Structure formats: structure tokens, C-alpha cells
>>> print(open('protein00.cif').read())   # mmCIF, C-alpha atoms and all ligand atoms
data_final
loop_
_atom_site.group_PDB
_atom_site.id
_atom_site.type_symbol
_atom_site.label_atom_id
_atom_site.label_comp_id
_atom_site.auth_asym_id
_atom_site.auth_seq_id
_atom_site.Cartn_x
_atom_site.Cartn_y
_atom_site.Cartn_z
ATOM 1 C CA MET A 1 15.302 16.149 1.955
ATOM 2 C CA GLY A 2 13.666 16.973 -1.377
ATOM 3 C CA ASP A 3 10.600 18.831 -2.577
ATOM 4 C CA ARG A 4 8.833 16.412 -4.863
ATOM 5 C CA LEU A 5 5.765 16.397 -2.580
ATOM 6 C CA LYS A 6 6.099 19.969 -1.323
ATOM 7 C CA GLY A 7 2.686 21.313 -0.310
ATOM 8 C CA LYS A 8 1.049 17.888 -0.454
ATOM 9 C CA VAL A 9 -0.980 16.304 2.311
ATOM 10 C CA ALA A 10 -0.553 12.531 2.339
ATOM 11 C CA ILE A 11 -2.356 9.676 4.042
ATOM 12 C CA VAL A 12 -0.527 6.346 4.060
ATOM 13 C CA SER A 13 -2.498 3.296 5.165
ATOM 14 C CA GLY A 14 -0.269 0.556 6.522
ATOM 15 C CA GLY A 15 2.309 3.305 6.818
ATOM 16 C CA ALA A 16 4.010 2.068 9.978
ATOM 17 C CA THR A 17 6.305 -0.707 8.728
ATOM 18 C CA GLY A 18 7.544 -2.321 5.527
ATOM 19 C CA MET A 19 6.993 -0.517 2.240
ATOM 20 C CA GLY A 20 4.292 1.670 3.778
ATOM 21 C CA GLY A 21 6.745 2.711 6.460
ATOM 22 C CA ALA A 22 9.408 3.458 3.881
ATOM 23 C CA ALA A 23 6.851 5.490 1.931
ATOM 24 C CA SER A 24 5.770 7.465 5.005
ATOM 25 C CA SER A 25 9.389 8.450 5.633
ATOM 26 C CA LEU A 26 10.136 9.199 1.983
ATOM 27 C CA PHE A 27 6.947 11.211 1.394
ATOM 28 C CA ALA A 28 7.717 13.312 4.474
ATOM 29 C CA ALA A 29 11.341 13.775 3.409
ATOM 30 C CA GLU A 30 9.994 15.037 0.065
ATOM 31 C CA GLY A 31 7.898 17.694 1.784
ATOM 32 C CA ALA A 32 4.486 16.104 2.377
ATOM 33 C CA LYS A 33 2.592 16.344 5.629
ATOM 34 C CA VAL A 34 1.994 12.660 6.386
ATOM 35 C CA ALA A 35 -0.757 10.913 8.328
ATOM 36 C CA ILE A 36 0.001 7.258 9.018
ATOM 37 C CA VAL A 37 -3.117 5.111 9.405
ATOM 38 C CA ASP A 38 -2.193 1.706 10.791
ATOM 39 C CA VAL A 39 -3.635 -0.962 13.075
ATOM 40 C CA ASN A 40 -0.231 -1.208 14.771
ATOM 41 C CA GLY A 41 -0.469 2.005 16.771
ATOM 42 C CA ALA A 42 2.887 1.638 18.506
ATOM 43 C CA ALA A 43 4.784 1.135 15.237
ATOM 44 C CA ALA A 44 2.865 4.006 13.610
ATOM 45 C CA GLU A 45 3.749 6.282 16.522
ATOM 46 C CA ALA A 46 7.412 5.223 16.343
ATOM 47 C CA ARG A 47 7.506 5.934 12.600
ATOM 48 C CA ALA A 48 5.831 9.334 13.031
ATOM 49 C CA ALA A 49 8.240 10.236 15.836
ATOM 50 C CA ALA A 50 11.235 9.304 13.650
ATOM 51 C CA ILE A 51 9.870 11.469 10.832
ATOM 52 C CA ARG A 52 9.373 14.417 13.161
ATOM 53 C CA ALA A 53 12.871 13.928 14.600
ATOM 54 C CA ALA A 54 14.200 14.173 11.037
ATOM 55 C CA GLY A 55 12.407 17.501 10.575
ATOM 56 C CA GLY A 56 9.290 16.236 8.805
ATOM 57 C CA THR A 57 5.598 16.461 9.630
ATOM 58 C CA ALA A 58 3.827 13.258 10.612
ATOM 59 C CA LEU A 59 0.850 12.112 12.622
ATOM 60 C CA ALA A 60 0.073 8.552 13.731
ATOM 61 C CA LEU A 61 -3.529 7.342 13.719
ATOM 62 C CA THR A 62 -4.537 3.900 14.906
ATOM 63 C CA ALA A 63 -7.239 2.235 12.828
ATOM 64 C CA ASP A 64 -8.166 -1.068 11.274
ATOM 65 C CA VAL A 65 -8.683 -0.094 7.631
ATOM 66 C CA SER A 66 -11.365 -2.759 7.174
ATOM 67 C CA ASP A 67 -13.597 -0.993 9.725
ATOM 68 C CA ALA A 68 -15.734 1.821 8.303
ATOM 69 C CA ALA A 69 -16.090 3.758 11.562
ATOM 70 C CA GLU A 70 -12.368 3.568 12.346
ATOM 71 C CA VAL A 71 -11.480 4.671 8.813
ATOM 72 C CA ALA A 72 -13.909 7.605 8.975
ATOM 73 C CA ALA A 73 -12.477 8.715 12.329
ATOM 74 C CA ALA A 74 -8.873 8.416 11.133
ATOM 75 C CA VAL A 75 -9.476 10.348 7.921
ATOM 76 C CA ALA A 76 -11.375 13.046 9.839
ATOM 77 C CA ALA A 77 -8.478 13.342 12.311
ATOM 78 C CA ALA A 78 -5.948 13.540 9.467
ATOM 79 C CA GLU A 79 -7.973 16.267 7.749
ATOM 80 C CA ALA A 80 -8.371 18.184 11.002
ATOM 81 C CA ALA A 81 -4.617 18.156 11.573
ATOM 82 C CA HIS A 82 -3.263 18.665 8.041
ATOM 83 C CA GLY A 83 -6.197 19.650 5.811
ATOM 84 C CA PRO A 84 -7.690 17.528 3.007
ATOM 85 C CA ALA A 85 -5.438 14.840 1.563
ATOM 86 C CA THR A 86 -3.986 15.352 -1.905
ATOM 87 C CA VAL A 87 -2.092 12.053 -1.816
ATOM 88 C CA LEU A 88 -3.513 8.728 -0.652
ATOM 89 C CA PHE A 89 -1.353 5.614 -0.538
ATOM 90 C CA ASN A 90 -3.672 2.625 -0.042
ATOM 91 C CA HIS A 91 -1.003 0.238 1.138
ATOM 92 C CA ALA A 92 -2.313 -1.659 4.196
ATOM 93 C CA GLY A 93 -2.817 -5.332 3.556
ATOM 94 C CA THR A 94 -1.861 -8.780 4.642
ATOM 95 C CA ILE A 95 -1.719 -12.361 3.424
ATOM 96 C CA VAL A 96 -3.140 -15.799 4.128
ATOM 97 C CA ILE A 97 -1.037 -18.652 2.738
ATOM 98 C CA LYS A 98 -2.883 -21.961 2.660
ATOM 99 C CA PRO A 99 -3.832 -24.788 0.366
ATOM 100 C CA PHE A 100 -7.032 -23.668 -1.365
ATOM 101 C CA LEU A 101 -9.066 -26.596 -0.018
ATOM 102 C CA GLU A 102 -8.127 -25.691 3.574
ATOM 103 C CA THR A 103 -9.032 -22.023 3.240
ATOM 104 C CA THR A 104 -12.026 -21.147 5.390
ATOM 105 C CA GLU A 105 -14.907 -18.842 4.548
ATOM 106 C CA GLU A 106 -13.901 -16.636 7.500
ATOM 107 C CA GLU A 107 -10.364 -16.300 6.105
ATOM 108 C CA TRP A 108 -11.748 -15.534 2.652
ATOM 109 C CA ASP A 109 -13.999 -12.757 3.962
ATOM 110 C CA ARG A 110 -11.407 -11.313 6.351
ATOM 111 C CA LEU A 111 -8.662 -11.018 3.739
ATOM 112 C CA HIS A 112 -11.039 -9.399 1.266
ATOM 113 C CA ASP A 113 -12.023 -6.950 4.012
ATOM 114 C CA VAL A 114 -8.422 -6.037 4.866
ATOM 115 C CA ASN A 115 -7.003 -5.968 1.331
ATOM 116 C CA VAL A 116 -9.938 -4.814 -0.796
ATOM 117 C CA LYS A 117 -12.755 -3.322 1.266
ATOM 118 C CA SER A 118 -10.089 -1.181 2.936
ATOM 119 C CA MET A 119 -9.390 0.529 -0.385
ATOM 120 C CA PHE A 120 -13.111 1.167 -0.872
ATOM 121 C CA LEU A 121 -13.454 2.628 2.642
ATOM 122 C CA MET A 122 -10.264 4.717 2.603
ATOM 123 C CA THR A 123 -10.795 6.065 -0.905
ATOM 124 C CA LYS A 124 -14.450 6.869 -0.278
ATOM 125 C CA ALA A 125 -13.538 8.736 2.905
ATOM 126 C CA VAL A 126 -10.679 10.691 1.302
ATOM 127 C CA LEU A 127 -12.073 11.545 -2.153
ATOM 128 C CA PRO A 128 -14.573 14.304 -1.248
ATOM 129 C CA GLY A 129 -11.861 16.360 0.453
ATOM 130 C CA MET A 130 -9.346 15.584 -2.304
ATOM 131 C CA ILE A 131 -11.755 16.705 -5.020
ATOM 132 C CA ALA A 132 -12.646 19.861 -3.086
ATOM 133 C CA ALA A 133 -8.923 20.578 -2.712
ATOM 134 C CA GLY A 134 -8.586 20.586 -6.512
ATOM 135 C CA GLY A 135 -7.503 17.002 -7.071
ATOM 136 C CA GLY A 136 -4.815 14.567 -6.081
ATOM 137 C CA SER A 137 -3.111 11.249 -6.582
ATOM 138 C CA ILE A 138 -4.103 7.851 -5.224
ATOM 139 C CA VAL A 139 -1.662 4.960 -5.268
ATOM 140 C CA CYS A 140 -2.911 1.446 -4.478
ATOM 141 C CA THR A 141 -0.657 -1.453 -3.590
ATOM 142 C CA SER A 142 -1.383 -4.343 -5.891
ATOM 143 C CA SER A 143 1.198 -7.101 -6.471
ATOM 144 C CA ILE A 144 2.740 -9.429 -9.002
ATOM 145 C CA SER A 145 0.130 -11.756 -7.478
ATOM 146 C CA ALA A 146 -2.576 -9.838 -9.362
ATOM 147 C CA VAL A 147 -1.335 -11.392 -12.598
ATOM 148 C CA ALA A 148 1.013 -14.259 -11.637
ATOM 149 C CA ALA A 149 -0.327 -17.098 -9.506
ATOM 150 C CA THR A 150 1.576 -18.833 -6.721
ATOM 151 C CA PRO A 151 0.368 -22.130 -5.208
ATOM 152 C CA MET A 152 -1.254 -21.649 -1.763
ATOM 153 C CA GLU A 153 -2.253 -18.095 -2.673
ATOM 154 C CA VAL A 154 -5.613 -18.390 -4.457
ATOM 155 C CA LEU A 155 -7.218 -16.160 -1.837
ATOM 156 C CA TYR A 156 -4.385 -13.630 -1.705
ATOM 157 C CA GLY A 157 -4.029 -13.403 -5.489
ATOM 158 C CA THR A 158 -7.769 -12.885 -5.833
ATOM 159 C CA THR A 159 -7.669 -9.918 -3.445
ATOM 160 C CA LYS A 160 -4.742 -8.385 -5.320
ATOM 161 C CA GLY A 161 -6.555 -8.855 -8.649
ATOM 162 C CA ALA A 162 -9.332 -6.756 -7.152
ATOM 163 C CA CYS A 163 -6.868 -4.056 -6.014
ATOM 164 C CA HIS A 164 -5.441 -4.023 -9.538
ATOM 165 C CA MET A 165 -8.842 -3.278 -11.053
ATOM 166 C CA PHE A 166 -9.875 -0.924 -8.248
ATOM 167 C CA ALA A 167 -7.018 1.416 -9.156
ATOM 168 C CA ARG A 168 -7.922 1.430 -12.833
ATOM 169 C CA ALA A 169 -11.659 1.894 -12.263
ATOM 170 C CA ILE A 170 -11.193 4.800 -9.826
ATOM 171 C CA ALA A 171 -8.862 6.430 -12.352
ATOM 172 C CA VAL A 172 -11.493 6.258 -15.078
ATOM 173 C CA GLU A 173 -14.448 7.414 -12.979
ATOM 174 C CA PHE A 174 -12.606 10.374 -11.438
ATOM 175 C CA ARG A 175 -10.295 11.496 -14.271
ATOM 176 C CA ASP A 176 -12.291 14.623 -14.970
ATOM 177 C CA ARG A 177 -12.289 15.677 -11.325
ATOM 178 C CA GLY A 178 -8.514 16.006 -11.108
ATOM 179 C CA ILE A 179 -7.880 12.616 -9.555
ATOM 180 C CA ARG A 180 -5.156 10.263 -10.749
ATOM 181 C CA CYS A 181 -5.105 6.692 -9.484
ATOM 182 C CA ASN A 182 -2.492 4.031 -10.167
ATOM 183 C CA ALA A 183 -1.220 0.791 -8.678
ATOM 184 C CA VAL A 184 2.257 -0.275 -7.659
ATOM 185 C CA CYS A 185 2.804 -3.992 -8.065
ATOM 186 C CA PRO A 186 5.791 -5.228 -6.083
ATOM 187 C CA GLY A 187 7.540 -8.570 -6.415
ATOM 188 C CA PHE A 188 8.915 -10.210 -3.258
ATOM 189 C CA VAL A 189 10.036 -7.469 -0.857
ATOM 190 C CA ARG A 190 12.055 -7.622 2.376
ATOM 191 C CA THR A 191 9.265 -6.630 4.804
ATOM 192 C CA PRO A 192 7.599 -8.512 7.688
ATOM 193 C CA HIS A 193 4.887 -9.531 5.184
ATOM 194 C CA GLY A 194 7.339 -10.613 2.472
ATOM 195 C CA LEU A 195 9.618 -12.576 4.793
ATOM 196 C CA ARG A 196 6.656 -14.375 6.410
ATOM 197 C CA GLU A 197 5.317 -15.200 2.938
ATOM 198 C CA VAL A 198 8.648 -16.707 1.870
ATOM 199 C CA ALA A 199 8.947 -18.746 5.099
ATOM 200 C CA GLU A 200 5.365 -20.067 4.937
ATOM 201 C CA LEU A 201 5.553 -20.938 1.233
ATOM 202 C CA GLN A 202 8.824 -22.817 1.840
ATOM 203 C CA ARG A 203 7.189 -24.722 4.701
ATOM 204 C CA LEU A 204 4.365 -25.749 2.354
ATOM 205 C CA GLY A 205 6.850 -26.966 -0.245
ATOM 206 C CA VAL A 206 6.719 -24.030 -2.684
ATOM 207 C CA ASP A 207 10.239 -23.175 -3.850
ATOM 208 C CA VAL A 208 10.926 -19.548 -3.014
ATOM 209 C CA SER A 209 14.510 -20.268 -2.013
ATOM 210 C CA GLU A 210 17.150 -17.616 -2.597
ATOM 211 C CA ALA A 211 18.071 -19.385 -5.829
ATOM 212 C CA ALA A 212 14.456 -19.433 -7.029
ATOM 213 C CA LEU A 213 14.016 -15.745 -6.169
ATOM 214 C CA ALA A 214 17.283 -14.972 -7.939
ATOM 215 C CA ALA A 215 15.981 -16.661 -11.076
ATOM 216 C CA GLN A 216 12.630 -14.857 -10.924
ATOM 217 C CA GLN A 217 13.615 -11.328 -9.890
ATOM 218 C CA GLY A 218 17.377 -11.241 -9.323
ATOM 219 C CA ARG A 219 17.100 -10.782 -5.561
ATOM 220 C CA ILE A 220 14.589 -9.775 -2.930
ATOM 221 C CA ALA A 221 13.562 -6.100 -3.243
ATOM 222 C CA GLU A 222 14.112 -3.532 -0.508
ATOM 223 C CA PRO A 223 11.044 -1.604 0.763
ATOM 224 C CA GLU A 224 12.587 1.725 -0.267
ATOM 225 C CA GLU A 225 12.702 0.591 -3.907
ATOM 226 C CA VAL A 226 8.916 0.268 -3.892
ATOM 227 C CA ALA A 227 8.462 3.478 -1.896
ATOM 228 C CA ARG A 228 10.331 5.381 -4.633
ATOM 229 C CA ALA A 229 7.915 4.048 -7.265
ATOM 230 C CA ALA A 230 4.963 5.085 -5.101
ATOM 231 C CA LEU A 231 6.558 8.522 -4.674
ATOM 232 C CA PHE A 232 6.787 8.960 -8.430
ATOM 233 C CA LEU A 233 3.125 8.044 -8.948
ATOM 234 C CA ALA A 234 2.080 10.265 -6.037
ATOM 235 C CA SER A 235 4.037 13.259 -7.314
ATOM 236 C CA ASP A 236 3.209 15.745 -10.058
ATOM 237 C CA GLU A 237 6.032 14.181 -12.103
ATOM 238 C CA ALA A 238 3.434 11.544 -12.992
ATOM 239 C CA SER A 239 0.903 14.204 -14.061
ATOM 240 C CA PHE A 240 -0.303 12.319 -17.171
ATOM 241 C CA ILE A 241 -0.117 8.832 -15.661
ATOM 242 C CA SER A 242 -3.407 7.432 -14.428
ATOM 243 C CA GLY A 243 -5.038 4.019 -14.544
ATOM 244 C CA THR A 244 -1.726 2.231 -14.893
ATOM 245 C CA HIS A 245 0.014 -0.628 -13.108
ATOM 246 C CA LEU A 246 3.666 -0.040 -12.290
ATOM 247 C CA PHE A 247 5.415 -3.357 -11.666
ATOM 248 C CA VAL A 248 8.361 -3.096 -9.315
ATOM 249 C CA ASP A 249 9.582 -6.642 -9.821
ATOM 250 C CA ASN A 250 12.859 -6.643 -11.763
ATOM 251 C CA THR A 251 11.330 -8.812 -14.558
ATOM 252 C CA PHE A 252 9.334 -11.301 -12.410
ATOM 253 C CA THR A 253 6.283 -10.777 -14.635
ATOM 254 C CA ALA A 254 8.217 -10.007 -17.820
ATOM 255 C CA VAL A 255 9.183 -13.586 -18.635
HETATM 256 N N1 LIG B 301 6.242 -7.771 0.962
HETATM 257 C C1 LIG B 301 5.953 -8.270 -0.232
HETATM 258 O O1 LIG B 301 6.686 -9.124 -0.742
HETATM 259 C C2 LIG B 301 4.750 -7.755 -0.982
HETATM 260 C C3 LIG B 301 4.692 -7.930 -2.357
HETATM 261 C C4 LIG B 301 3.614 -7.417 -3.062
HETATM 262 C C5 LIG B 301 2.625 -6.718 -2.398
HETATM 263 N N2 LIG B 301 2.706 -6.567 -1.046
HETATM 264 C C6 LIG B 301 1.643 -5.809 -0.388
HETATM 265 O O2 LIG B 301 2.188 -4.940 0.580
HETATM 266 C C7 LIG B 301 1.267 -4.830 1.676
HETATM 267 C C8 LIG B 301 1.955 -5.360 2.921
HETATM 268 O O3 LIG B 301 2.919 -4.469 3.306
HETATM 269 P P1 LIG B 301 4.439 -4.737 3.513
HETATM 270 O O4 LIG B 301 4.917 -5.854 2.655
HETATM 271 O O5 LIG B 301 5.060 -3.408 3.375
HETATM 272 O O6 LIG B 301 4.489 -5.405 4.951
HETATM 273 P P2 LIG B 301 4.214 -5.008 6.433
HETATM 274 O O7 LIG B 301 3.549 -6.206 6.950
HETATM 275 O O8 LIG B 301 5.430 -4.518 7.111
HETATM 276 O O9 LIG B 301 3.253 -3.727 6.350
HETATM 277 C C9 LIG B 301 1.931 -3.806 6.359
HETATM 278 C C10 LIG B 301 1.439 -2.690 7.254
HETATM 279 O O10 LIG B 301 0.028 -2.690 7.153
HETATM 280 C C11 LIG B 301 -0.496 -2.677 8.454
HETATM 281 N N3 LIG B 301 -1.796 -3.337 8.469
HETATM 282 C C12 LIG B 301 -2.050 -4.649 8.280
HETATM 283 N N4 LIG B 301 -3.365 -4.875 8.409
HETATM 284 C C13 LIG B 301 -3.952 -3.684 8.688
HETATM 285 C C14 LIG B 301 -5.275 -3.282 8.958
HETATM 286 N N5 LIG B 301 -6.287 -4.148 8.946
HETATM 287 N N6 LIG B 301 -5.509 -1.964 9.210
HETATM 288 C C15 LIG B 301 -4.503 -1.076 9.217
HETATM 289 N N7 LIG B 301 -3.221 -1.404 8.981
HETATM 290 C C16 LIG B 301 -2.939 -2.708 8.725
HETATM 291 C C17 LIG B 301 0.519 -3.401 9.329
HETATM 292 O O11 LIG B 301 0.377 -3.077 10.696
HETATM 293 C C18 LIG B 301 1.820 -2.917 8.719
HETATM 294 O O12 LIG B 301 2.264 -1.712 9.313
HETATM 295 C C19 LIG B 301 0.065 -5.639 1.316
HETATM 296 O O13 LIG B 301 -0.874 -4.802 0.664
HETATM 297 C C20 LIG B 301 0.650 -6.647 0.367
HETATM 298 O O14 LIG B 301 -0.328 -7.182 -0.487
HETATM 299 C C21 LIG B 301 3.735 -7.064 -0.324
#
>>> encode(input="protein00.cif", output="C-alpha cells", more="lines below")
Ligand SMILES: NC(=O)c1ccc[n+]([C@@H]2O[C@H](COP(=O)([O-])OP(=O)(O)OC[C@H]3O[C@@H](n4cnc5c(N)ncnc54)[C@H](O)[C@@H]3O)[C@@H](O)[C@H]2O)c1
Amino acid sequence: MGDRLKGKVAIVSGGATGMGGAASSLFAAEGAKVAIVDVNGAAAEARAAAIRAAGGTALALTADVSDAAEVAAAVAAAEAAHGPATVLFNHAGTIVIKPFLETTEEEWDRLHDVNVKSMFLMTKAVLPGMIAAGGGSIVCTSSISAVAATPMEVLYGTTKGACHMFARAIAVEFRDRGIRCNAVCPGFVRTPHGLREVAELQRLGVDVSEAALAAQQGRIAEPEEVARAALFLASDEASFISGTHLFVDNTFTAV
């Protein structure tokens, strides 16, 4: 247990499993009251229960972050339980892996809703309370895919490019109201999302074998390694860091 988020009230979207789950646990272990907003209610509840069992404070809220009414209800419930959020981790997201020419309009719209509109809805719902509370830190999950293209991921990379710019633009518009906003940009990470991505790319003939991953980023990342980067950006240790993109990719995008 540490105190790097002591006194903070955090909302973590997609906070049930993977990197979001690791962040929910880490933020709570560092003293934050955590509200997990996730479409997988059972996994969110299990994560919150584990946090409480470890002595932390956590609440599970079931919501699809692409749905305005569900987001509004979840943020209102989080505020009612813990007070206004001073940390928001916009992490929820998913992936569609397909040849571009087979990608449907429905898939295009749905992934933009889940990966991008979700950040608009969550941030818009949280910001008034955060500003009234004197400010806070927003961390958005972007990706190496915001700047490095992978075949079969035109749609996914486009959504992550939008997340990349969303973080920067929020930072600029709200700087003078005490809000910092940054993005974490992970490489390939050992989560349900990351492992499915590797398997589906391999099936479609894209080489993301262990050897290829080793060449690009040494090895697959662990979710906790990304959660620690999000913790830093969320914490007051990053007090003069806003509008930046923190790549957690062990050189994937450096070469
Ligand atoms: N795993 C990787 O290799 C990798 C790399 C870069 C970026 N990312 C990003 O990480 C996020 C995926 O998370 P993860 O890799 O930790 O995997 P994950 O699949 O374990 O976690 C995603 C979480 O988001 C939740 N979620 C999905 N859709 C939702 C919705 N509509 N509403 C609410 N919650 C929803 C899931 O239930 C899950 O708990 C995405 O934003 C993705 O772009 C992943």
C-alpha cells in the first residue's frame, strides 16, 4: 500500500480486467477511492470485491461507456458514493481486426462509439465535478496503433489516433481550470484484448509471433507495467505534465 493517490477519487472505465483492472487495483492500493465503470458487471464486481478485501475502497458500476444515459448514471452513482472524481482513467475499449475491404459500416461506427465517443461521454460527465473540486487528472488509453499501423487494423488505428488527439485537445482547453490530461500508449500487452489481437492477426497472416514481438518490443508487456505509467500520470508527481503521450512500448515506436 502506498499514498501516491491519497485523497483522490478515481473513476476507471474498463476497470474490471486487463490494464484497467490492474489500474483499479493499483490506484486503490495507492489510496484512491475507486469506481470501476465496466460493461462486464460480474468482473467489475469481482475486482471491486478483491480491492475491498485488500483494504481498499472500490465500487463496481455496470455501464456501456458508449451509451450516454448509462455513462451519466454511472458517473452520478460514483459521485454519490465517493464525491466528485479527481482522477479519470478513460481506458475502456476494444478492437476489430479485419481486412479493410471487409470492414462494415456498422463495425466502423460501433468501434468509434466504444473507443472514442466513450471518452467524450465519460469526460463530459466527469469534468464539471472535477473542475468544481479544484481540478484533477485525466488519463486516456491510446496505443502504439495511434502512430504505427498494423495490417487489418485500419479501423482500430483510426480510433486510437482520435484518442491520441482527444487527450491533447482536452489538456489545452482545460489547462487553466486545473485539469491535466495525458495519454498512455501501450504496445502489445498480456490482456484478454492483447492476446485476442495477437491470435487474430496471426490467423490473418500478420506476423506477431513471439519472435516478431521480441524484435519489436522485447517481449509482451504485463498489464501492471501500463498501470504504473497511468498511476504516474494520474498522480501529483506528474503535476507539470499535460497534453503528452507516454509510450509504454519498450522501443516499439522508437525504431
Ligand atoms: N492489450 C493491448 O495489447 C493493448 C495495447 C494498446 C492499447 N490497448 C487498449 O486497452 C484497452 C483494452 O483494454 P485491455 O487491453 O486492458 O483489455 P481487456 O479487454 O481486458 O479490458 C478492457 C475492459 O474494458 C471493458 N469494456 C469493453 N467495452 C466496454 C464498453 N463498451 N463499456 C464499458 N466497458 C467496456 C471490458 O469489459 C474490459 O473489462 C483498449 O482501449 C485498447 O485500445 C490495449
>>> resolve_selection(input="protein00.cif", expression="the PyMOL selection byres (((chain A and resi 75-91) around 8) and not hetatm)", output="PyMOL selection string")
chain A and resi 8-15+20+33+35+59+61+71-74+92-93+119+122-123+125-126+129-130+133+135-141+230+234
>>> closest_residue(input="protein00.cif", among="A:His193, A:His112, A:Arg228, A:Gly187", to="Ala254 (chain A)", atoms="all atoms listed in the file")
A:Gly187
>>> residues_around(input="protein00.cif", residues="Ser142 (chain A)", least_positions_apart="6", cutoff="12 Å", atoms="all atoms listed in the file", output="PyMOL selection string")
chain A and resi 89-94+115-116+119+148+156-168+182-187+226+230+244-249
>>> axis_aligned_box(input="protein00.cif", around="ligand LIG 301 (chain B)", padding_each_side="4 Å", output="JSON")
{"center_x": 0.2, "center_y": -5.1, "center_z": 3.8, "size_x": 21.0, "size_y": 16.0, "size_z": 21.8}
>>> residues_near_point(input="protein00.cif", point="(11.2, -6.8, -1.9)", cutoff="6 Å", atoms="all atoms listed in the file", output="list in words")
Phe188, Val189, Arg190, Ile220, Ala221, Glu222 and Pro223 of chain A
>>> closest_residue(input="protein00.cif", among="A:Pro128, A:Gly205, A:Gly41, A:Gly218", to="ligand LIG 301 (chain B)", atoms="all atoms listed in the file")
A:Gly41
>>> closest_residue(input="protein00.cif", among="A:Ala227, A:Ala46, A:Ala146, A:Ala214", to="Gly18 (chain A)", atoms="all atoms listed in the file")
A:Ala227
>>> atom_distance(input="protein00.cif", atom1="atom O9 of ligand LIG 301 (chain B)", atom2="CA of Phe120 (chain A)")
18.5 Å
>>> atom_distance(input="protein00.cif", atom1="atom N1 of ligand LIG 301 (chain B)", atom2="CA of Asp113 (chain A)")
18.5 Å
>>> residues_around(input="protein00.cif", residues="Ala42 (chain A)", least_positions_apart="2", cutoff="10 Å", atoms="all atoms listed in the file", output="ChimeraX atom specification")
/A:16,38-40,44-48,60-62
>>> residues_near_point(input="protein00.cif", point="(-3.3, -24.5, 0.3)", cutoff="9 Å", atoms="only C-alpha atoms", output="list in words")
Ile97, Lys98, Pro99, Phe100, Leu101, Glu102, Thr103, Pro151, Met152, Glu153, Val154 and Leu204 of chain A
>>> closest_residue(input="protein00.cif", among="A:Ser118, A:Ala132, A:Ile51, A:Gly56", to="ligand LIG 301 (chain B)", atoms="only C-alpha atoms and all ligand atoms")
A:Ser118
>>> closest_residue(input="protein00.cif", among="A:Thr17, A:Ser235, A:Ser24, A:Thr150", to="ligand LIG 301 (chain B)", atoms="all atoms listed in the file")
A:Thr17
>>> residues_around(input="protein00.cif", residues="Ser242 (chain A)", least_positions_apart="3", cutoff="6 Å", atoms="all atoms listed in the file", output="PyMOL selection string")
chain A and resi 171+180-182
>>> closest_residue(input="protein00.cif", among="A:Met1, A:Phe232, A:Gly134, A:Met19", to="ligand LIG 301 (chain B)", atoms="all atoms listed in the file")
A:Met19
>>> atom_distance(input="protein00.cif", atom1="CA of Gly194 (chain A)", atom2="CA of Asp64 (chain A)")
20.2 Å
>>> build_atoms(input="protein00.cif", residues="region 233-251 of chain A", atoms="N, CA and C atoms", output="JSON list (two decimals), in the coordinates of the input")
[["chain", "number", "residue", "atom", "x", "y", "z"],
["A", 233, "LEU", "N", 4.54, 8.02, -8.57],
["A", 233, "LEU", "CA", 3.12, 8.04, -8.95],
["A", 233, "LEU", "C", 2.36, 9.09, -8.14],
["A", 234, "ALA", "N", 2.76, 9.28, -6.89],
["A", 234, "ALA", "CA", 2.08, 10.26, -6.04],
["A", 234, "ALA", "C", 2.39, 11.69, -6.46],
["A", 235, "SER", "N", 3.56, 11.90, -7.03],
["A", 235, "SER", "CA", 4.04, 13.26, -7.31],
["A", 235, "SER", "C", 3.50, 13.81, -8.64],
["A", 236, "ASP", "N", 3.65, 15.11, -8.81],
["A", 236, "ASP", "CA", 3.21, 15.74, -10.06],
["A", 236, "ASP", "C", 4.07, 15.34, -11.25],
["A", 237, "GLU", "N", 5.22, 14.70, -10.99],
["A", 237, "GLU", "CA", 6.03, 14.18, -12.10],
["A", 237, "GLU", "C", 5.24, 13.17, -12.92],
["A", 238, "ALA", "N", 4.25, 12.54, -12.29],
["A", 238, "ALA", "CA", 3.43, 11.54, -12.99],
["A", 238, "ALA", "C", 2.11, 12.16, -13.45],
["A", 239, "SER", "N", 2.14, 13.45, -13.82],
["A", 239, "SER", "CA", 0.90, 14.20, -14.06],
["A", 239, "SER", "C", -0.01, 13.62, -15.14],
["A", 240, "PHE", "N", 0.54, 12.88, -16.10],
["A", 240, "PHE", "CA", -0.30, 12.32, -17.17],
["A", 240, "PHE", "C", -0.40, 10.79, -17.06],
["A", 241, "ILE", "N", -0.10, 10.28, -15.87],
["A", 241, "ILE", "CA", -0.12, 8.83, -15.66],
["A", 241, "ILE", "C", -1.26, 8.50, -14.72],
["A", 242, "SER", "N", -2.28, 7.83, -15.25],
["A", 242, "SER", "CA", -3.41, 7.43, -14.43],
["A", 242, "SER", "C", -4.04, 6.17, -15.00],
["A", 243, "GLY", "N", -4.42, 5.28, -14.12],
["A", 243, "GLY", "CA", -5.04, 4.02, -14.54],
["A", 243, "GLY", "C", -4.01, 2.96, -14.91],
["A", 244, "THR", "N", -2.76, 3.18, -14.49],
["A", 244, "THR", "CA", -1.73, 2.23, -14.89],
["A", 244, "THR", "C", -1.27, 1.36, -13.73],
["A", 245, "HIS", "N", -0.54, 0.32, -14.08],
["A", 245, "HIS", "CA", 0.01, -0.63, -13.11],
["A", 245, "HIS", "C", 1.52, -0.60, -13.25],
["A", 246, "LEU", "N", 2.20, -0.14, -12.23],
["A", 246, "LEU", "CA", 3.67, -0.04, -12.29],
["A", 246, "LEU", "C", 4.26, -1.23, -11.54],
["A", 247, "PHE", "N", 4.80, -2.17, -12.28],
["A", 247, "PHE", "CA", 5.42, -3.36, -11.67],
["A", 247, "PHE", "C", 6.81, -3.02, -11.18],
["A", 248, "VAL", "N", 7.05, -3.33, -9.92],
["A", 248, "VAL", "CA", 8.36, -3.10, -9.32],
["A", 248, "VAL", "C", 8.88, -4.48, -8.97],
["A", 249, "ASP", "N", 9.31, -5.21, -10.02],
["A", 249, "ASP", "CA", 9.58, -6.64, -9.82],
["A", 249, "ASP", "C", 10.81, -7.15, -10.56],
["A", 250, "ASN", "N", 11.58, -6.24, -11.14],
["A", 250, "ASN", "CA", 12.86, -6.64, -11.76],
["A", 250, "ASN", "C", 12.70, -7.86, -12.68],
["A", 251, "THR", "N", 11.68, -7.83, -13.50],
["A", 251, "THR", "CA", 11.33, -8.81, -14.56],
["A", 251, "THR", "C", 10.50, -10.02, -14.10]]
